[in-house]
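In what follows, a structure is listed as structure tokens, so that the remarks can point back to it.
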Amino acid sequence: MAEFTVGDRDFLVDGRPVRLLSGALHYFRVHEEQWPHRLRMLRAMGLNCVETYVPWNLHEPVPGRYADVEALGRFLDAAGAAGLWAIVRPGPYICAEWDNGGLPHWLTAAVGSRVRTGDPAYLAAVERWLCRLLPQVAARQIDRGGPVIMVQVENEYGSYGSDLPYLSTLAALLRTCGIDVPLFTSDGPEDHMLTGGSVPGVLATVNFGSGARAGFGKLREHRADGPLMCMEFWCGWFDHWGAPHVVRDPADAADALREILECGASVNIYMAHGGTNFAGRAGANRAGALHEGALEPDVTSYDYDAPVDEMGRPTEKFWQFREVLAGYREGPLPEVPPAPPVLGGGPVRAELDAWAPLDEVIDALGGAETRSPMPPSFEELGVDRGLVRYRVEVPGPRQPYRLTLSGLRDLAVVQVDGVRAGVLSEEDPVLAEPVAGPAVVEAWVESLGRVNYGPRTGEPKGITGGFLHERQYLHGVTARGLRLDAFDDAAAVAALPFRAPSWPGEPGEPGEPGARGLYRGAFDVVSPGDARLRLPGWTRGFVWVNGFCLGRYWAVGPQESLYVPGPVLREGRNEVWVLELQGAGEEHVRLA
């Protein structure tokens with residue numbers, strides 16, 4: 001069996017120096033049937049390795065209940081079959097513009113600021129998880145005939161903390177779980193990040209988007225030996241809802257890649273193929289230099305302006321990278337595989353002819369209703385992705401006072417006595433019109449994605465303060481949560497009290513045009529293939545096609561359509577659900 005080792009200056013396979021030309025491709029952001037094609041695209045670009053994170057919260061949605069942990073093993077097998085080595089970054093924290101940085105919401109709720117430290121309660125959960133996950137990796141290491149050559153300890157820890165004994169504990173845990181290949185850390189090329197995020201005996205790598213010579217120079221100030229590697233070469237970037245679309249000039253990115261390789265270094269292109277944040281699993285950032293500002297939720301697409309786009313097609317950046325990488329590979333590069341098939345038969349229009357009001361959807365599919373003095377958080381209600389309906393009474397008689405949703409995270413549609421009163425946010429949590437008593441106030445609060453980077457990772461969602469009427473808290477709050485994964489139960493969805501929607505006229509109350517709720521429709525497909533789905537005039541919500549959640553849509557942009565993977569569609573009849581949370585649009589959706 002081959003052996004992969006870290007020498008004084010080079011990576012070695014059976015003692016022979018090798019340069020790692022890797023690309024990030026996350027198995028959880030790509031439909032499994034499309035893994036082989038995307039991996040072949042990486043090979044054709046000139047890469048010899050693929051890197052993936054592992055999102056803990058995807059595989060352990062509630063404590064002790066695991067969901068398809070074996071998917072990682074299947075992906076690594078696919079990588080090996082494609083002729084690629086593999087780098088695995090199991091966390092426990094991954095960032096990745098993924099909800100909560102991959103940490104389970106139930107864990108960060110329990111541990112709080114002790115997350116990502118040597119706290120015993122946190123480490124106990126981490127150990128249980130890694131002992132469940134890592135057999136998938138250990139069995140596929142290179143010395144056992146598999147593709148895995150390196151495994152990461154934590155992720156960019158120096159950007160967050162300085163608990164070096166915690167990192168050493170994780171490294172020892174990886175070894176205990178059978179990981180024999182070299183371990184590594186990755187951090188920004190800054191003094192405080194490298195001192196806080198690297199530990200003796202573990203290879204240190206750096207992450208940057210340009211300035212390779214300066215970045216590697218800083219790494220050499222901290223590590224005099226070991227191979228040079230940029231573990232995340234940021235060749236593009238991600239988008240936030242309500243902000244401009246981000247792109248990077250292909251020639252500029254190719255020049256930065258060339259500089260890395262001219263330094264004699266290895267590289268992992270982040271992202272080589274971005275994929276999609278299906279099922280509402282996109283994360284969020286906090287604005288500002290110290291990441292303490294306004295919430296910046298990430299869009300559903302994780303295209304990342306990568307060389308292989310969201311639909312698996314080569315971009316101009318792909319061709320320029322291929323030209324650069326060809327100079328560092330022996331022999332001709334593989335042919336570029338043909339693009340995946342696209343939806344045949346022309347554009348398709350799906351009429352939405354059935355509707356269930358949001359109140360009835362949450363009553364049927366939501367969790368148990370609770371009553372407490374103060375509003376419970378999403379975490380207390382067991383909601384990771386989705387929304388919560390809060391209800392409270394304003395006593396009376398009393399004069400009109402301003403109503404504030406204190407500590408609101410993230411977005412709330414508010415009704416007073418059944419009439420829409422406003423849409424509130426963290427930055428604007430006060431109703432425009434004062435509220436008199438007696439009255440019944442409902443706040444439908446949606447999580448836009450948990451923070452995945454910085455000191456506010458793990459913060460709770462919901463109404464985290466309370467309902468304030470003037471300066472007085474309103475007590476006696478009822479709450480019911482609706483998890484997105486409740487829609488995985490197709491039979492429960494089919495049993496909802498659907499009725500014919502009313503479309504003419506202006507948006508109004510339930511049963512009238514624009515009403516919130518779950519809309520259902522069907523469409524016929526002649527030849528299945530990749531497609532884009534558009535929702536003309538719709539405001540904000542989620543879409544499912546044949547039970548597969550495509551993710552969130554939002555009229556604020558910049559994303560204007562949702563990617564529909566070809567394997568989700570089938571020849572003949574297909575079904576679409578649209579969960580609109582603010583105001584419905586036209587009576588159909590379009591696929592093209």
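Naming works like this for the structure tokens: A, B, ... for the chains as they're shown, residue 1 at the start of each chain, ligands 1 onward in shown order.
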
task = Select from segment 134-358 of chain A everything DSSP, run on the backbone, classes as helix (DSSP H, G or I), then give the selection as an MDAnalysis selection string.
result = chainID A and resid 135:138 142:144 157:159 164:176 191:197 212:222 250:262 278:280 316:326 358

Contacts between segment 290-297 of chain A and segment 82-190 of chain A, please, where a residue of segment 82-190 of chain A counts if it comes within 12 Å (with only C-alpha atoms); show its shortest atom pair and distance in Å to one decimal, rows by chain and ascending number, as a Markdown table.
| residue | atom | partner | partner_atom | distance |
| --- | --- | --- | --- | --- |
| A:Glu97 | CA | A:Pro297 | CA | 9.2 |
| A:Trp98 | CA | A:Pro297 | CA | 10.3 |
| A:Asp99 | CA | A:Pro297 | CA | 9.7 |
| A:Asn100 | CA | A:Pro297 | CA | 11.5 |
| A:Ser159 | CA | A:Leu290 | CA | 10.4 |
| A:Tyr160 | CA | A:Leu290 | CA | 10.7 |

Dump as a compact mmCIF listing (two decimals), in the first residue's frame, selection limited to N, CA and C atoms:
# COMPACT_ATOMS: atom_id res chain seq x y z
N GLU A 97 -19.66 28.84 5.16
CA GLU A 97 -20.91 29.52 4.80
C GLU A 97 -22.10 28.57 4.97
N TRP A 98 -21.98 27.72 5.96
CA TRP A 98 -22.99 26.69 6.26
C TRP A 98 -23.62 27.02 7.61
N ASP A 99 -24.88 26.75 7.76
CA ASP A 99 -25.63 27.09 8.97
C ASP A 99 -24.88 26.69 10.24
N ASN A 100 -24.61 27.69 11.09
CA ASN A 100 -23.94 27.48 12.39
C ASN A 100 -22.53 26.92 12.24
N SER A 159 -8.71 32.18 13.91
CA SER A 159 -9.63 33.30 13.69
C SER A 159 -10.67 33.41 14.78
N TYR A 160 -10.68 32.41 15.68
CA TYR A 160 -11.74 32.37 16.69
C TYR A 160 -11.20 32.35 18.12

ask   = Could you name the residues that touch Glu232 of chain A at 9 Å or less, counting only C-alpha atoms, but leaving out those on the same chain fewer than 6 positions away, as a count of residues only?
value = 13

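Using only C-alpha atoms, the nearest neighbour of Arg38 of chain A within the list A:Glu470, A:Glu310, A:Glu571, A:Asp8 is A:Glu310.
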
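Shortest atom-to-atom contact with Gly145 of chain A among A:Gly80, A:Gly64, A:Pro200, A:Pro189: A:Gly80, counting only C-alpha atoms.
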
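Taking the backbone of this structure through DSSP, the residues of segment 150-202 of chain A that come out as strand (DSSP E) are Met150, Val151, Gln152, Leu183, Phe184, Thr185, Ser186 and Asp187 of chain A.
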
Those same residues - C-alpha atoms - I'd like them written as an mmCIF file, in the first residue's frame.
data_model
loop_
_atom_site.group_PDB
_atom_site.id
_atom_site.type_symbol
_atom_site.label_atom_id
_atom_site.label_comp_id
_atom_site.auth_asym_id
_atom_site.auth_seq_id
_atom_site.Cartn_x
_atom_site.Cartn_y
_atom_site.Cartn_z
ATOM 1 C CA MET A 150 -4.683 14.215 5.060
ATOM 2 C CA VAL A 151 -7.213 15.140 7.757
ATOM 3 C CA GLN A 152 -7.720 18.575 9.311
ATOM 4 C CA LEU A 183 -2.908 15.967 10.269
ATOM 5 C CA PHE A 184 -2.968 19.684 9.473
ATOM 6 C CA THR A 185 -4.418 23.016 10.538
ATOM 7 C CA SER A 186 -5.313 25.969 8.307
ATOM 8 C CA ASP A 187 -5.404 29.644 9.260
#

Name all residues at most 7 Å from segment 430-440 of chain A (count only C-alpha atoms; drop same-chain ones fewer than 5 positions away) and give them as an mmCIF file with N, CA, C and O atoms, in the first residue's frame.
data_model
loop_
_atom_site.group_PDB
_atom_site.id
_atom_site.type_symbol
_atom_site.label_atom_id
_atom_site.label_comp_id
_atom_site.auth_asym_id
_atom_site.auth_seq_id
_atom_site.Cartn_x
_atom_site.Cartn_y
_atom_site.Cartn_z
ATOM 1 N N VAL A 392 -49.176 36.387 21.663
ATOM 2 C CA VAL A 392 -49.279 36.970 22.990
ATOM 3 C C VAL A 392 -50.455 37.946 22.999
ATOM 4 O O VAL A 392 -50.796 38.537 21.965
ATOM 5 N N GLU A 393 -51.084 38.116 24.168
ATOM 6 C CA GLU A 393 -52.193 39.044 24.300
ATOM 7 C C GLU A 393 -51.723 40.345 24.936
ATOM 8 O O GLU A 393 -50.950 40.339 25.893
ATOM 9 N N VAL A 394 -52.195 41.443 24.370
ATOM 10 C CA VAL A 394 -51.992 42.759 24.985
ATOM 11 C C VAL A 394 -53.211 43.023 25.871
ATOM 12 O O VAL A 394 -54.340 43.070 25.369
ATOM 13 N N PRO A 395 -53.005 43.149 27.192
ATOM 14 C CA PRO A 395 -54.168 43.369 28.060
ATOM 15 C C PRO A 395 -54.809 44.726 27.786
ATOM 16 O O PRO A 395 -54.193 45.622 27.199
ATOM 17 N N GLY A 396 -56.017 44.874 28.221
ATOM 18 C CA GLY A 396 -56.687 46.150 28.034
ATOM 19 C C GLY A 396 -57.821 46.315 29.026
ATOM 20 O O GLY A 396 -58.109 45.404 29.813
ATOM 21 N N PRO A 397 -58.395 47.472 29.013
ATOM 22 C CA PRO A 397 -58.112 48.552 28.058
ATOM 23 C C PRO A 397 -56.818 49.278 28.393
ATOM 24 O O PRO A 397 -56.452 49.430 29.541
ATOM 25 N N ARG A 398 -56.106 49.684 27.348
ATOM 26 C CA ARG A 398 -54.924 50.537 27.479
ATOM 27 C C ARG A 398 -54.719 51.305 26.187
ATOM 28 O O ARG A 398 -55.110 50.840 25.123
ATOM 29 N N GLN A 399 -54.101 52.462 26.309
ATOM 30 C CA GLN A 399 -53.898 53.316 25.141
ATOM 31 C C GLN A 399 -52.832 52.733 24.227
ATOM 32 O O GLN A 399 -52.090 51.824 24.617
ATOM 33 N N PRO A 400 -52.746 53.208 22.997
ATOM 34 C CA PRO A 400 -51.742 52.687 22.066
ATOM 35 C C PRO A 400 -50.316 52.996 22.542
ATOM 36 O O PRO A 400 -50.012 54.124 22.932
ATOM 37 N N TYR A 401 -49.458 51.957 22.530
ATOM 38 C CA TYR A 401 -48.035 52.109 22.807
ATOM 39 C C TYR A 401 -47.258 51.385 21.697
ATOM 40 O O TYR A 401 -47.775 50.486 21.030
ATOM 41 N N ARG A 402 -46.002 51.758 21.579
ATOM 42 C CA ARG A 402 -45.185 51.077 20.576
ATOM 43 C C ARG A 402 -44.917 49.645 21.031
ATOM 44 O O ARG A 402 -44.751 49.372 22.229
ATOM 45 N N LEU A 403 -44.862 48.740 20.046
ATOM 46 C CA LEU A 403 -44.612 47.320 20.315
ATOM 47 C C LEU A 403 -43.263 46.944 19.709
ATOM 48 O O LEU A 403 -43.038 47.169 18.515
ATOM 49 N N THR A 404 -42.396 46.389 20.537
ATOM 50 C CA THR A 404 -41.042 46.024 20.115
ATOM 51 C C THR A 404 -40.828 44.528 20.307
ATOM 52 O O THR A 404 -41.178 43.979 21.363
ATOM 53 N N LEU A 405 -40.254 43.873 19.307
ATOM 54 C CA LEU A 405 -39.808 42.483 19.462
ATOM 55 C C LEU A 405 -38.341 42.525 19.866
ATOM 56 O O LEU A 405 -37.434 42.547 19.023
ATOM 57 N N VAL A 416 -51.709 41.917 14.061
ATOM 58 C CA VAL A 416 -52.429 42.384 15.244
ATOM 59 C C VAL A 416 -53.912 42.142 14.988
ATOM 60 O O VAL A 416 -54.471 42.676 14.024
ATOM 61 N N ASP A 417 -54.514 41.313 15.832
ATOM 62 C CA ASP A 417 -55.918 40.920 15.661
ATOM 63 C C ASP A 417 -56.173 40.408 14.246
ATOM 64 O O ASP A 417 -57.176 40.730 13.599
ATOM 65 N N GLY A 422 -46.922 44.560 9.920
ATOM 66 C CA GLY A 422 -45.573 44.930 9.518
ATOM 67 C C GLY A 422 -44.664 43.732 9.409
ATOM 68 O O GLY A 422 -44.988 42.630 9.872
ATOM 69 N N LEU A 424 -40.837 42.927 10.508
ATOM 70 C CA LEU A 424 -39.788 43.464 11.360
ATOM 71 C C LEU A 424 -38.509 42.651 11.221
ATOM 72 O O LEU A 424 -38.536 41.476 10.864
#

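For the residues A:Tyr122, A:Val181, A:Gly458, A:Val148, ranking by smallest atom-to-atom distance to Ala284 of chain A using only C-alpha atoms places A:Gly458 first.
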
key: Non-local contacts of Pro250 of chain A (12 Å; only C-alpha atoms; under 5 positions in same chain excluded) as a ChimeraX atom specification   = /A:235-236,255-257,305-307,315-324

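Across the model, the gap from atom CA of Thr195 of chain A to atom CA of Leu170 of chain A is 16.8 Å.
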